[in-house]
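Structure data follow from query_30.csv (CSV, C-alpha atoms and all ligand atoms):
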chain,number,residue,atom,x,y,z
A,22,MET,CA,83.1,-40.9,118.6
A,23,ALA,CA,86.5,-39.9,117.2
A,24,LEU,CA,86.8,-37.0,114.8
A,25,LYS,CA,86.3,-38.0,111.1
A,26,LEU,CA,87.5,-35.9,108.2
A,27,TYR,CA,86.9,-36.2,104.5
A,28,ASN,CA,90.3,-36.5,102.8
A,29,THR,CA,90.5,-35.4,99.2
A,30,LEU,CA,93.7,-37.5,98.8
A,31,THR,CA,91.9,-40.8,99.5
A,32,GLY,CA,88.3,-39.7,98.6
A,33,SER,CA,87.0,-41.0,101.9
A,34,LEU,CA,86.0,-40.2,105.4
A,35,GLU,CA,88.9,-41.1,107.7
A,36,ASP,CA,89.6,-41.1,111.5
A,37,PHE,CA,91.7,-38.2,112.3
A,38,GLN,CA,95.1,-39.0,113.7
A,39,PRO,CA,97.7,-36.2,113.8
A,40,LEU,CA,101.4,-37.0,113.5
A,41,LEU,CA,102.0,-36.0,117.1
A,42,ALA,CA,99.3,-37.2,119.6
A,43,ASP,CA,97.3,-34.0,120.4
A,44,LYS,CA,99.2,-31.4,118.3
A,45,VAL,CA,97.8,-30.4,114.9
A,46,LYS,CA,99.7,-28.5,112.3
A,47,MET,CA,97.4,-26.9,109.7
A,48,PHE,CA,98.3,-24.8,106.6
A,49,VAL,CA,95.8,-23.0,104.5
A,50,CYS,CA,96.6,-21.2,101.2
A,51,GLY,CA,96.3,-17.5,102.0
A,52,PRO,CA,95.4,-14.6,99.7
A,53,THR,CA,97.3,-13.0,96.8
A,54,VAL,CA,97.1,-9.4,98.0
A,55,TYR,CA,96.3,-7.2,95.0
A,56,ASP,CA,92.6,-6.5,95.6
A,57,TYR,CA,89.9,-6.6,98.3
A,58,ALA,CA,88.9,-10.1,99.4
A,59,HIS,CA,85.5,-11.2,98.0
A,60,ILE,CA,82.8,-13.1,99.9
A,61,GLY,CA,83.9,-16.4,98.2
A,62,ASN,CA,87.3,-15.9,99.8
A,63,ALA,CA,85.4,-15.1,103.0
A,64,LYS,CA,83.6,-18.4,102.9
A,65,THR,CA,86.8,-20.4,102.6
A,66,TYR,CA,88.6,-18.5,105.3
A,67,THR,CA,85.7,-18.5,107.7
A,68,GLN,CA,85.2,-22.2,107.3
A,69,PHE,CA,88.9,-22.9,108.0
A,70,ASP,CA,88.7,-20.6,111.0
A,71,LEU,CA,85.9,-23.0,112.1
A,72,VAL,CA,88.1,-26.0,111.4
A,73,ALA,CA,90.8,-24.6,113.7
A,74,ARG,CA,88.2,-23.7,116.4
A,75,ILE,CA,86.6,-27.1,116.3
A,76,LEU,CA,90.0,-28.8,116.6
A,77,SER,CA,90.8,-26.7,119.7
A,78,TYR,CA,87.4,-27.3,121.1
A,79,LEU,CA,88.0,-31.1,120.8
A,80,GLY,CA,91.2,-30.7,122.8
A,81,TYR,CA,93.9,-30.4,120.1
A,82,ASN,CA,96.7,-28.0,120.3
A,83,VAL,CA,96.5,-26.3,116.9
A,84,THR,CA,99.1,-24.3,115.0
A,85,TYR,CA,97.4,-22.7,112.1
A,86,LEU,CA,99.7,-21.2,109.4
A,87,GLN,CA,98.6,-19.1,106.5
A,88,ASN,CA,100.8,-17.7,103.8
A,89,ILE,CA,100.4,-14.3,102.2
A,90,THR,CA,101.3,-14.2,98.5
A,91,ASP,CA,103.0,-10.9,98.2
A,92,ILE,CA,105.1,-11.6,95.1
A,93,ASP,CA,103.1,-12.6,92.1
A,94,ASP,CA,102.3,-11.6,88.5
A,95,LYS,CA,98.9,-10.3,89.5
A,96,ILE,CA,100.4,-8.0,92.1
A,97,ILE,CA,103.0,-6.7,89.6
A,98,ASN,CA,100.4,-6.1,86.9
A,99,ARG,CA,98.0,-4.3,89.2
A,100,ALA,CA,100.9,-2.2,90.7
A,101,THR,CA,102.0,-1.2,87.1
A,102,GLU,CA,98.4,-0.2,86.3
A,103,ARG,CA,98.4,2.0,89.3
A,104,GLY,CA,101.9,3.3,88.9
A,105,ILE,CA,103.0,2.2,92.3
A,106,ASP,CA,105.6,-0.2,93.7
A,107,PRO,CA,104.3,-3.8,94.0
A,108,THR,CA,105.5,-4.0,97.7
A,109,GLU,CA,103.4,-0.9,98.5
A,110,LEU,CA,100.3,-2.5,96.8
A,111,ALA,CA,100.8,-5.8,98.6
A,112,GLU,CA,101.1,-4.1,102.0
A,113,GLU,CA,98.0,-2.0,101.4
A,114,TYR,CA,95.8,-5.0,100.5
A,115,GLU,CA,97.3,-7.2,103.2
A,116,GLU,CA,96.1,-4.6,105.7
A,117,TYR,CA,92.6,-4.6,104.3
A,118,TYR,CA,92.6,-8.4,104.2
A,119,LEU,CA,93.6,-8.7,107.9
A,120,ALA,CA,90.9,-6.1,108.9
A,121,ASP,CA,88.3,-8.0,107.0
A,122,MET,CA,89.2,-11.3,108.7
A,123,LYS,CA,89.0,-9.6,112.0
A,124,SER,CA,85.5,-8.2,111.3
A,125,LEU,CA,84.4,-11.8,110.5
A,126,ASN,CA,86.0,-13.1,113.8
A,127,ASN,CA,88.5,-15.1,111.8
A,128,GLU,CA,91.2,-14.9,114.4
A,129,SER,CA,92.6,-18.4,114.8
A,130,VAL,CA,95.6,-18.1,112.5
A,131,SER,CA,98.7,-18.5,114.6
A,132,LYS,CA,101.1,-17.1,112.0
A,133,TYR,CA,100.9,-15.3,108.7
A,134,ALA,CA,103.9,-16.0,106.6
A,135,ARG,CA,104.8,-13.6,103.8
A,136,ALA,CA,106.4,-15.2,100.7
A,137,HIS,CA,109.1,-12.5,100.4
A,138,ASP,CA,110.5,-13.5,103.9
A,139,TYR,CA,111.3,-17.0,102.6
A,140,ILE,CA,113.5,-16.3,99.6
A,141,PRO,CA,116.5,-18.3,100.9
A,142,GLN,CA,114.3,-21.3,101.7
A,143,ILE,CA,112.7,-21.1,98.2
A,144,VAL,CA,116.1,-21.0,96.5
A,145,SER,CA,117.2,-24.0,98.7
A,146,GLN,CA,114.2,-26.0,97.6
A,147,VAL,CA,114.8,-25.3,93.9
A,148,LYS,CA,118.4,-26.3,94.2
A,149,ARG,CA,117.5,-29.5,95.9
A,150,LEU,CA,115.1,-30.3,93.1
A,151,LEU,CA,117.8,-29.6,90.5
A,152,ASP,CA,120.3,-31.8,92.4
A,153,GLN,CA,117.8,-34.7,92.2
A,154,ASP,CA,116.9,-34.1,88.5
A,155,PHE,CA,113.3,-33.1,89.2
A,156,ALA,CA,113.9,-29.6,87.8
A,157,TYR,CA,115.6,-28.1,84.7
A,158,LYS,CA,116.6,-24.7,83.4
A,159,ILE,CA,115.3,-23.0,80.2
A,160,SER,CA,115.5,-19.4,78.9
A,161,ASP,CA,113.1,-17.7,81.4
A,162,GLY,CA,113.7,-19.8,84.5
A,163,TYR,CA,113.7,-23.1,86.3
A,164,TYR,CA,110.8,-25.6,85.9
A,165,PHE,CA,109.6,-28.7,87.6
A,166,ASP,CA,109.5,-31.8,85.3
A,167,ILE,CA,106.2,-33.5,86.1
A,168,LYS,CA,107.2,-36.7,84.3
A,169,ALA,CA,110.1,-37.1,86.8
A,170,PHE,CA,107.5,-37.5,89.7
A,171,ALA,CA,105.6,-40.7,89.2
A,172,ASP,CA,102.8,-39.8,91.6
A,173,TYR,CA,101.9,-36.6,89.8
A,174,GLY,CA,98.1,-36.5,89.7
A,175,LYS,CA,97.4,-38.5,92.8
A,176,LEU,CA,95.4,-35.8,94.6
A,177,SER,CA,93.3,-34.6,91.6
A,178,GLY,CA,93.3,-37.7,89.4
A,179,ARG,CA,94.7,-35.7,86.5
A,180,SER,CA,97.7,-33.9,85.1
A,181,SER,CA,96.2,-31.3,82.8
A,182,LEU,CA,94.2,-28.1,83.3
A,183,LYS,CA,90.4,-27.7,83.2
A,184,PRO,CA,88.5,-24.4,82.8
A,185,ASP,CA,87.5,-24.0,86.5
A,186,ASP,CA,91.0,-24.4,87.9
A,187,SER,CA,92.4,-21.5,89.8
A,188,VAL,CA,94.5,-19.3,87.4
A,189,SER,CA,96.7,-21.8,85.9
A,190,ARG,CA,99.9,-20.2,87.1
A,191,ILE,CA,102.1,-22.9,85.5
A,192,ASP,CA,103.7,-20.4,83.1
A,193,GLU,CA,104.0,-21.1,79.4
A,194,ASN,CA,107.2,-21.5,77.4
A,195,PRO,CA,107.6,-23.6,74.2
A,196,GLU,CA,111.0,-24.9,75.6
A,197,LYS,CA,109.2,-26.8,78.5
A,198,LYS,CA,109.7,-30.5,78.5
A,199,ASN,CA,106.0,-31.2,79.2
A,200,SER,CA,103.1,-28.7,78.8
A,201,GLY,CA,102.1,-29.2,82.5
A,202,ASP,CA,105.6,-28.3,83.9
A,203,PHE,CA,105.4,-25.4,86.2
A,204,CYS,CA,107.8,-22.6,87.0
A,205,LEU,CA,109.9,-22.7,90.2
A,206,TRP,CA,112.1,-19.6,89.7
A,207,LYS,CA,111.5,-16.9,87.1
A,208,PHE,CA,114.5,-14.9,85.8
A,209,ARG,CA,114.6,-11.2,86.3
A,210,LYS,CA,112.5,-9.1,83.8
A,211,GLU,CA,112.8,-5.4,83.3
A,212,GLY,CA,110.7,-3.5,85.8
A,213,GLU,CA,109.8,-6.5,88.0
A,214,PRO,CA,111.0,-7.1,91.5
A,215,PHE,CA,113.9,-9.6,91.8
A,216,TRP,CA,116.2,-11.1,94.3
A,217,PRO,CA,119.9,-12.1,93.8
A,218,SER,CA,120.5,-15.8,94.3
A,219,ASP,CA,122.7,-18.8,93.2
A,220,LEU,CA,119.9,-19.5,90.7
A,221,GLY,CA,120.4,-16.1,89.1
A,222,GLU,CA,118.5,-12.9,89.7
A,223,GLY,CA,114.8,-13.5,89.7
A,224,ARG,CA,111.7,-14.3,91.8
A,225,PRO,CA,109.8,-17.4,92.9
A,226,GLY,CA,107.0,-19.2,91.1
A,227,TRP,CA,103.7,-19.4,93.0
A,228,HIS,CA,103.7,-23.1,94.0
A,229,ILE,CA,107.2,-23.2,95.6
A,230,GLU,CA,106.3,-20.3,98.0
A,231,ASP,CA,104.0,-22.5,100.0
A,232,THR,CA,106.3,-25.6,100.4
A,233,ALA,CA,109.2,-23.4,101.4
A,234,ILE,CA,107.1,-21.8,104.0
A,235,THR,CA,105.7,-25.0,105.4
A,236,GLU,CA,109.0,-26.9,105.3
A,237,THR,CA,110.5,-24.0,107.4
A,238,GLU,CA,107.6,-23.8,109.9
A,239,PHE,CA,106.4,-27.4,110.1
A,240,GLY,CA,109.1,-29.6,108.5
A,241,PRO,CA,108.6,-31.9,105.5
A,242,GLN,CA,105.4,-33.5,106.7
A,243,TYR,CA,102.3,-32.2,108.5
A,244,ASP,CA,98.7,-32.9,109.3
A,245,ILE,CA,96.2,-30.7,107.4
A,246,HIS,CA,96.3,-28.6,104.2
A,247,GLY,CA,93.3,-26.6,103.1
A,248,GLY,CA,92.0,-24.3,100.4
A,249,ALA,CA,89.0,-24.2,98.1
A,250,VAL,CA,88.4,-26.9,95.4
A,251,ASP,CA,89.9,-24.7,92.7
A,252,LEU,CA,93.4,-25.1,94.3
A,253,ILE,CA,93.4,-28.9,94.1
A,254,PHE,CA,94.9,-28.7,90.6
A,255,PRO,CA,97.5,-27.5,89.7
A,256,HIS,CA,98.5,-25.8,93.0
A,257,HIS,CA,98.1,-28.6,95.6
A,258,GLU,CA,99.3,-31.2,93.1
A,259,ALA,CA,102.4,-29.1,92.5
A,260,GLU,CA,103.0,-28.8,96.2
A,261,ILE,CA,102.9,-32.5,96.7
A,262,ALA,CA,105.3,-33.0,93.7
A,263,GLN,CA,107.8,-30.5,95.1
A,264,MET,CA,107.9,-31.6,98.7
A,265,GLU,CA,107.7,-35.3,98.2
A,266,SER,CA,110.5,-35.1,95.6
A,267,ILE,CA,112.7,-33.0,97.9
A,268,SER,CA,112.3,-35.1,101.0
A,269,GLY,CA,111.5,-38.5,99.7
A,270,LEU,CA,108.9,-38.7,102.5
A,271,LYS,CA,105.2,-39.6,101.8
A,272,PRO,CA,102.6,-38.3,102.4
A,273,PHE,CA,103.7,-34.7,102.5
A,274,VAL,CA,100.3,-33.9,104.1
A,275,ARG,CA,98.1,-36.4,105.7
A,276,TYR,CA,94.6,-34.8,105.3
A,277,TRP,CA,93.7,-32.5,102.4
A,278,LEU,CA,90.5,-30.5,103.1
A,279,HIS,CA,88.8,-28.5,100.4
A,280,THR,CA,85.9,-26.1,100.7
A,281,GLY,CA,83.1,-25.8,98.1
A,282,PHE,CA,82.7,-22.7,96.1
A,283,LEU,CA,80.6,-19.7,96.8
A,284,ASN,CA,78.7,-19.2,93.5
A,285,ILE,CA,76.7,-16.3,92.2
A,286,ASP,CA,74.0,-17.0,89.6
A,287,SER,CA,75.4,-20.5,89.7
A,288,ALA,CA,78.9,-19.4,88.5
A,289,LYS,CA,82.0,-19.4,90.7
A,290,MET,CA,82.5,-16.0,92.2
A,291,SER,CA,86.0,-14.9,91.2
A,292,LYS,CA,88.1,-11.8,90.6
A,293,SER,CA,89.0,-12.8,87.1
A,294,LYS,CA,85.3,-13.2,86.1
A,295,ASP,CA,84.4,-9.8,87.6
A,296,ASN,CA,81.2,-11.3,89.1
A,297,PHE,CA,82.3,-10.8,92.7
A,298,LEU,CA,81.1,-8.9,95.8
A,299,THR,CA,83.8,-7.9,98.2
A,300,ILE,CA,83.3,-8.4,101.9
A,301,ARG,CA,83.2,-4.6,102.2
A,302,ASP,CA,80.4,-4.4,99.6
A,303,VAL,CA,78.2,-6.5,101.9
A,304,PHE,CA,79.0,-4.5,105.0
A,305,LYS,CA,78.2,-1.3,103.1
A,306,LYS,CA,74.7,-2.6,102.5
A,307,GLY,CA,74.2,-2.6,106.3
A,308,PHE,CA,74.6,-6.3,107.0
A,309,PRO,CA,76.5,-6.9,110.3
A,310,PRO,CA,79.7,-8.8,109.5
A,311,LEU,CA,78.8,-11.7,111.7
A,312,SER,CA,75.6,-12.3,109.7
A,313,LEU,CA,77.9,-13.3,106.9
A,314,ARG,CA,79.7,-15.6,109.3
A,315,TYR,CA,76.3,-17.1,110.3
A,316,LEU,CA,75.5,-17.7,106.6
A,317,PHE,CA,78.7,-19.7,106.2
A,318,LEU,CA,77.9,-21.7,109.3
A,319,LEU,CA,74.6,-22.8,107.7
A,320,SER,CA,76.4,-24.9,105.0
A,321,HIS,CA,78.8,-27.8,105.4
A,322,TYR,CA,82.2,-26.6,104.3
A,323,ARG,CA,82.4,-29.0,101.3
A,324,THR,CA,79.0,-27.9,99.9
A,325,PRO,CA,78.9,-25.2,97.2
A,326,VAL,CA,76.6,-22.3,98.1
A,327,ASN,CA,74.7,-20.1,95.7
A,328,PHE,CA,74.9,-16.6,97.2
A,329,THR,CA,71.6,-14.6,97.3
A,330,TRP,CA,70.7,-11.4,99.2
A,331,GLU,CA,67.6,-13.3,100.5
A,332,ALA,CA,69.8,-16.0,102.0
A,333,LEU,CA,72.0,-13.4,103.7
A,334,GLU,CA,68.9,-11.6,105.0
A,335,ALA,CA,67.5,-14.8,106.5
A,336,ALA,CA,71.0,-15.5,108.1
A,337,GLN,CA,70.9,-12.0,109.5
A,338,ASN,CA,67.5,-12.5,111.0
A,339,ALA,CA,68.5,-15.8,112.7
A,340,TYR,CA,71.7,-14.3,113.9
A,341,LYS,CA,69.9,-11.3,115.5
A,342,LYS,CA,67.4,-13.6,117.1
A,343,LEU,CA,70.1,-15.6,118.7
A,344,LYS,CA,72.0,-12.5,119.8
A,345,ASP,CA,68.7,-11.1,121.4
A,346,PHE,CA,68.0,-14.4,123.1
A,347,VAL,CA,71.5,-14.3,124.8
A,348,SER,CA,71.4,-10.6,125.6
A,349,LYS,CA,67.9,-10.6,127.0
A,350,GLY,CA,68.8,-13.6,129.2
A,351,THR,CA,69.4,-13.4,132.9
A,352,SER,CA,72.7,-12.1,134.3
A,353,ASP,CA,73.2,-15.4,136.0
A,354,ILE,CA,75.0,-18.0,133.9
A,355,GLY,CA,74.4,-21.6,134.9
A,356,VAL,CA,76.3,-24.7,134.0
A,357,VAL,CA,76.9,-26.3,130.6
A,358,ASP,CA,74.3,-28.9,129.7
A,359,GLU,CA,76.4,-32.0,129.1
A,360,ALA,CA,73.8,-33.9,127.0
A,361,TYR,CA,73.6,-31.0,124.5
A,362,LYS,CA,77.3,-30.6,124.5
A,363,ALA,CA,77.7,-34.2,123.6
A,364,LYS,CA,75.3,-33.8,120.7
A,365,PHE,CA,77.0,-30.7,119.5
A,366,LYS,CA,80.4,-32.4,119.6
A,367,GLU,CA,79.0,-35.4,117.8
A,368,LYS,CA,77.9,-33.3,114.8
A,369,LEU,CA,81.3,-31.6,114.7
A,370,GLU,CA,83.2,-34.8,114.9
A,371,ASN,CA,81.3,-36.0,111.8
A,372,ASP,CA,83.4,-34.1,109.2
A,373,LEU,CA,82.9,-30.8,110.9
A,374,ASN,CA,79.1,-30.6,110.3
A,375,THR,CA,78.4,-27.0,111.4
A,376,PRO,CA,74.8,-26.8,110.1
A,377,GLN,CA,73.8,-29.8,112.2
A,378,ALA,CA,75.7,-28.4,115.2
A,379,LEU,CA,73.8,-25.1,114.8
A,380,ALA,CA,70.5,-27.1,114.7
A,381,VAL,CA,71.5,-28.6,118.1
A,382,LEU,CA,71.9,-25.1,119.4
A,383,TRP,CA,68.4,-24.1,118.2
A,384,THR,CA,66.8,-27.2,119.7
A,385,LEU,CA,68.4,-26.2,123.0
A,386,VAL,CA,67.0,-22.7,122.8
A,387,LYS,CA,63.5,-24.1,122.4
A,388,ASP,CA,63.9,-26.9,125.1
A,389,LYS,CA,61.5,-26.2,128.0
A,390,ASP,CA,63.3,-28.7,130.2
A,391,VAL,CA,66.6,-26.7,130.4
A,392,THR,CA,66.8,-23.6,132.6
A,393,LEU,CA,67.6,-20.3,131.0
A,394,GLU,CA,70.9,-20.0,133.0
A,395,ASN,CA,72.1,-23.4,131.7
A,396,LYS,CA,71.0,-22.6,128.2
A,397,LEU,CA,73.2,-19.5,128.3
A,398,ALA,CA,76.2,-21.3,129.7
A,399,THR,CA,75.9,-23.9,127.0
A,400,ILE,CA,75.4,-21.5,124.2
A,401,LEU,CA,78.4,-19.5,125.3
A,402,ASP,CA,80.4,-22.7,125.4
A,403,PHE,CA,79.3,-23.5,121.8
A,404,ASP,CA,80.3,-20.0,120.7
A,405,GLN,CA,83.9,-20.9,121.2
A,406,VAL,CA,83.4,-22.8,118.0
A,407,LEU,CA,80.8,-20.6,116.3
A,408,GLY,CA,82.7,-17.4,116.8
A,409,LEU,CA,79.5,-15.3,116.7
A,410,GLY,CA,80.5,-13.0,119.5
A,411,LEU,CA,77.3,-13.8,121.4
A,412,LEU,CA,78.5,-12.4,124.7
A,413,SER,CA,79.8,-9.1,123.3
B,1,LIG,P1,92.8,-16.2,95.9
B,1,LIG,O1,93.0,-14.9,96.6
B,1,LIG,O2,92.0,-16.1,94.6
B,1,LIG,O3,94.0,-17.0,95.7
B,1,LIG,O4,91.8,-17.1,96.8
B,1,LIG,C1,92.0,-17.2,98.2
B,1,LIG,C2,91.3,-18.4,98.7
B,1,LIG,O5,89.9,-18.3,98.5
B,1,LIG,C3,91.7,-19.7,98.1
B,1,LIG,O6,91.7,-20.7,99.1
B,1,LIG,C4,90.7,-20.0,97.1
B,1,LIG,O7,90.6,-21.3,96.8
B,1,LIG,C5,89.4,-19.4,97.8
B,1,LIG,N1,88.4,-19.1,96.8
B,1,LIG,C6,88.5,-18.3,95.7
B,1,LIG,N2,87.3,-18.1,95.1
B,1,LIG,C7,86.3,-18.8,95.9
B,1,LIG,C8,84.9,-19.0,95.8
B,1,LIG,N3,84.2,-18.4,94.9
B,1,LIG,N4,84.3,-19.7,96.8
B,1,LIG,C9,85.1,-20.2,97.8
B,1,LIG,N5,86.4,-20.1,98.0
B,1,LIG,C10,87.0,-19.4,97.0
For this file, produce the structure as structure tokens.
Amino acid sequence: MALKLYNTLTGSLEDFQPLLADKVKMFVCGPTVYDYAHIGNAKTYTQFDLVARILSYLGYNVTYLQNITDIDDKIINRATERGIDPTELAEEYEEYYLADMKSLNNESVSKYARAHDYIPQIVSQVKRLLDQDFAYKISDGYYFDIKAFADYGKLSGRSSLKPDDSVSRIDENPEKKNSGDFCLWKFRKEGEPFWPSDLGEGRPGWHIEDTAITETEFGPQYDIHGGAVDLIFPHHEAEIAQMESISGLKPFVRYWLHTGFLNIDSAKMSKSKDNFLTIRDVFKKGFPPLSLRYLFLLSHYRTPVNFTWEALEAAQNAYKKLKDFVSKGTSDIGVVDEAYKAKFKEKLENDLNTPQALAVLWTLVKDKDVTLENKLATILDFDQVLGLGLLS
């Protein structure tokens, strides 16, 4: 069976075919570094770490790029509250973020790209949009004219905001041509960071950071773009509008993958709602970091999950049981059981179904017809995907 992925752009399960035979370029929207990452963020990043691992396991050569939003209103506001420089705040929280990802074994990112390192490329993109009349200037900056891009809405099926969208980040100004137009370059304001440029002194809007980064690193078209469902609109819609307008090439991205939310008491966990638990809150309660990873493996990446401590405890118990099984095994490691490996791969090839792949592993553990040595070899092979550190 070939790998099949659910593509938000077409709303269907499709055979996966990267642009270049066995090489896959994947970009996932990274964090805005102004606070600790919460366990909803952890779900999304763990599940994309699994996507990268699965692709590698299936024989693809994966380049996984993630941006770090280190210029943003939220960073500036938080830095002002704390009376420190926004750069200092961003660096502090980037360090915490990377440490948290490491503790969850999310280590497949090939490159982290910081927005502030791509200012010339951002300016170049805005200028090319202006040259082709996709952008215009008003009193506080340059904006994208969504009416100039006929395909606006093709990913999300809409062109206006809904309450559950990620922070709108389109910027409001009564001079805008259309209410959904979003800012590309914001003119300098007192007390805010700015960069000199042909566009005037200022700083980038949020959406243009990502397309400038991916055009630089991948070119105008690539294979997979990910994030949670809250980013479909307006963020990912804006990215398509920007890049397809600049290059004239379609599709900008072939496969759009979106993770389901981690909810708490049936509401989306988010920093703005103040109903969140940080990754560190969970570790402080004594849960081993990889039990959180195990919890995320138990749900298909597109399925929303309601977080409860009971569910985490059950994941912890299962994880410990598996770890004990491996560590109490013999020192001899046998050979991979090819029949189980084929079943495991089959589950992953079906839109990356990790819960079913994990079920294959547990069937193997209980199978009396497979030797202990071969079970261990097979489980350790599977752990290249699961990332549960079963050998350590
Ligand atoms: P943010 O730092 O808020 O921009 O979010 C970073 C990543 O986590 C983005 O891909 C979001 O879509 C994702 N995300 C935010 N909240 C949740 C949640 N409750 N469940 C799953 N993913 C989330």
- Query: Which residue, A:Leu343, A:Leu393, A:Val406, A:Val45, has the smallest gap to Leu318 (chain A) when you use only C-alpha atoms?
  - Reply: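 Result for the nearest residue to Leu318 (chain A): A:Val406.
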- Item | Given 6 Å and all atoms listed in the file, residues near ligand LIG 1 (chain B) as a VMD selection string | chain A and resid 50 to 53 61 to 62 64 to 65 248 to 249 251 to 252 281 to 284 289 to 291
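If you look at CA of Lys366 (chain A) and CA of His246 (chain A), they are 22.5 Å away from each other.
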- A:Trp227, A:Asp372, A:Phe273, A:Ala380: which is nearest Ser33 (chain A), counting all atoms listed in the file?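 When distances to Ser33 (chain A) are compared using all atoms listed in the file, the smallest one comes from A:Asp372.
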- Close residues, Gly162 (chain A) itself excluded, 12 Å, all atoms listed in the file, min 2 positions apart in chain, as a PyMOL selection string: chain A and resi 147+156-160+164-165+192-194+196-197+202-210+220-226
- Query: Which residue out of A:Phe254, A:Tyr322, A:Phe48, A:Phe308 has the minimum interatomic distance to Gly178 (chain A) when all atoms listed in the file are used?
  - Reply: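 Closest to Gly178 (chain A) of all the choices is A:Phe254.
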- Choose the residue, out of A:Ser348, A:Thr329, A:Thr29, A:Ser200, that has the smallest atom-to-atom separation from Asp286 (chain A); count only C-alpha atoms. A:Thr329
- Item | Contacts of region 106-117 of chain A at 6 Å (only C-alpha atoms; same-chain gap of 3+ positions) as number ranges by chain | A: 54-55, 91, 97, 100, 120
Would you mind exporting the chosen residues as an mmCIF file, in the coordinates of the input, restricted to C-alpha atoms?
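Wrote it out as out_0.cif, contents follow:
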data_model
loop_
_atom_site.group_PDB
_atom_site.id
_atom_site.type_symbol
_atom_site.label_atom_id
_atom_site.label_comp_id
_atom_site.auth_asym_id
_atom_site.auth_seq_id
_atom_site.Cartn_x
_atom_site.Cartn_y
_atom_site.Cartn_z
ATOM 1 C CA VAL A 54 97.100 -9.400 98.000
ATOM 2 C CA TYR A 55 96.300 -7.200 95.000
ATOM 3 C CA ASP A 91 103.000 -10.900 98.200
ATOM 4 C CA ILE A 97 103.000 -6.700 89.600
ATOM 5 C CA ALA A 100 100.900 -2.200 90.700
ATOM 6 C CA ALA A 120 90.900 -6.100 108.900
#
- Task: Write out as JSON, numbers by chain each polymer residue whose atoms come within 10 Å of Ala332 (chain A), counting only C-alpha atoms; drop sequence neighbours fewer than 5 positions from it.
- Result: {"A": [313, 316, 327, 337, 338]}
Writer output for current selection, C-alpha atoms, as a short mmCIF file (atom, residue, chain, number, x, y, z; two decimals), in the frame of the given file:
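Wrote it out as again27.cif, contents follow:
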data_model
loop_
_atom_site.label_atom_id
_atom_site.label_comp_id
_atom_site.auth_asym_id
_atom_site.auth_seq_id
_atom_site.Cartn_x
_atom_site.Cartn_y
_atom_site.Cartn_z
CA LEU A 313 77.90 -13.30 106.90
CA LEU A 316 75.50 -17.70 106.60
CA ASN A 327 74.70 -20.10 95.70
CA GLN A 337 70.90 -12.00 109.50
CA ASN A 338 67.50 -12.50 111.00
#
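One distance worth recording is that between CA of Pro241 (chain A) and CA of Ser268 (chain A), which is 6.6 Å.
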For region 129-131 of chain A, work out the shell of residues within 10 Å, counting all atoms listed in the file and skipping chain neighbours fewer than 2 positions away, then give it as a PDB file with C-alpha atoms, keeping the file's coordinate frame.
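Resulting contents of selection-v5.pdb:
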ATOM      1  CA  MET A  47      97.400 -26.900 109.700  1.00  0.00           C
ATOM      2  CA  PHE A  48      98.300 -24.800 106.600  1.00  0.00           C
ATOM      3  CA  VAL A  49      95.800 -23.000 104.500  1.00  0.00           C
ATOM      4  CA  THR A  67      85.700 -18.500 107.700  1.00  0.00           C
ATOM      5  CA  PHE A  69      88.900 -22.900 108.000  1.00  0.00           C
ATOM      6  CA  ASP A  70      88.700 -20.600 111.000  1.00  0.00           C
ATOM      7  CA  LEU A  71      85.900 -23.000 112.100  1.00  0.00           C
ATOM      8  CA  VAL A  72      88.100 -26.000 111.400  1.00  0.00           C
ATOM      9  CA  ALA A  73      90.800 -24.600 113.700  1.00  0.00           C
ATOM     10  CA  ARG A  74      88.200 -23.700 116.400  1.00  0.00           C
ATOM     11  CA  SER A  77      90.800 -26.700 119.700  1.00  0.00           C
ATOM     12  CA  VAL A  83      96.500 -26.300 116.900  1.00  0.00           C
ATOM     13  CA  THR A  84      99.100 -24.300 115.000  1.00  0.00           C
ATOM     14  CA  TYR A  85      97.400 -22.700 112.100  1.00  0.00           C
ATOM     15  CA  LEU A  86      99.700 -21.200 109.400  1.00  0.00           C
ATOM     16  CA  GLN A  87      98.600 -19.100 106.500  1.00  0.00           C
ATOM     17  CA  MET A 122      89.200 -11.300 108.700  1.00  0.00           C
ATOM     18  CA  LYS A 123      89.000  -9.600 112.000  1.00  0.00           C
ATOM     19  CA  ASN A 126      86.000 -13.100 113.800  1.00  0.00           C
ATOM     20  CA  ASN A 127      88.500 -15.100 111.800  1.00  0.00           C
ATOM     21  CA  TYR A 133     100.900 -15.300 108.700  1.00  0.00           C
ATOM     22  CA  ALA A 134     103.900 -16.000 106.600  1.00  0.00           C
TER      23      ALA A 134
END
- Task: Figure out the distance between CA of Glu370 (chain A) and CA of Pro310 (chain A), please, to one decimal in Å.
- Result: 26.8 Å
Do you know which residues are at most 8 Å from Leu369 (chain A) counting only C-alpha atoms, after dropping those on the same chain fewer than 3 positions away, and could you put them as a PDB file with C-alpha atoms, keeping the file's coordinate frame?
ATOM      1  CA  LEU A  24      86.800 -37.000 114.800  1.00  0.00           C
ATOM      2  CA  ILE A  75      86.600 -27.100 116.300  1.00  0.00           C
ATOM      3  CA  PHE A 365      77.000 -30.700 119.500  1.00  0.00           C
ATOM      4  CA  LYS A 366      80.400 -32.400 119.600  1.00  0.00           C
ATOM      5  CA  ASP A 372      83.400 -34.100 109.200  1.00  0.00           C
ATOM      6  CA  LEU A 373      82.900 -30.800 110.900  1.00  0.00           C
ATOM      7  CA  ASN A 374      79.100 -30.600 110.300  1.00  0.00           C
ATOM      8  CA  THR A 375      78.400 -27.000 111.400  1.00  0.00           C
ATOM      9  CA  ALA A 378      75.700 -28.400 115.200  1.00  0.00           C
TER      10      ALA A 378
END
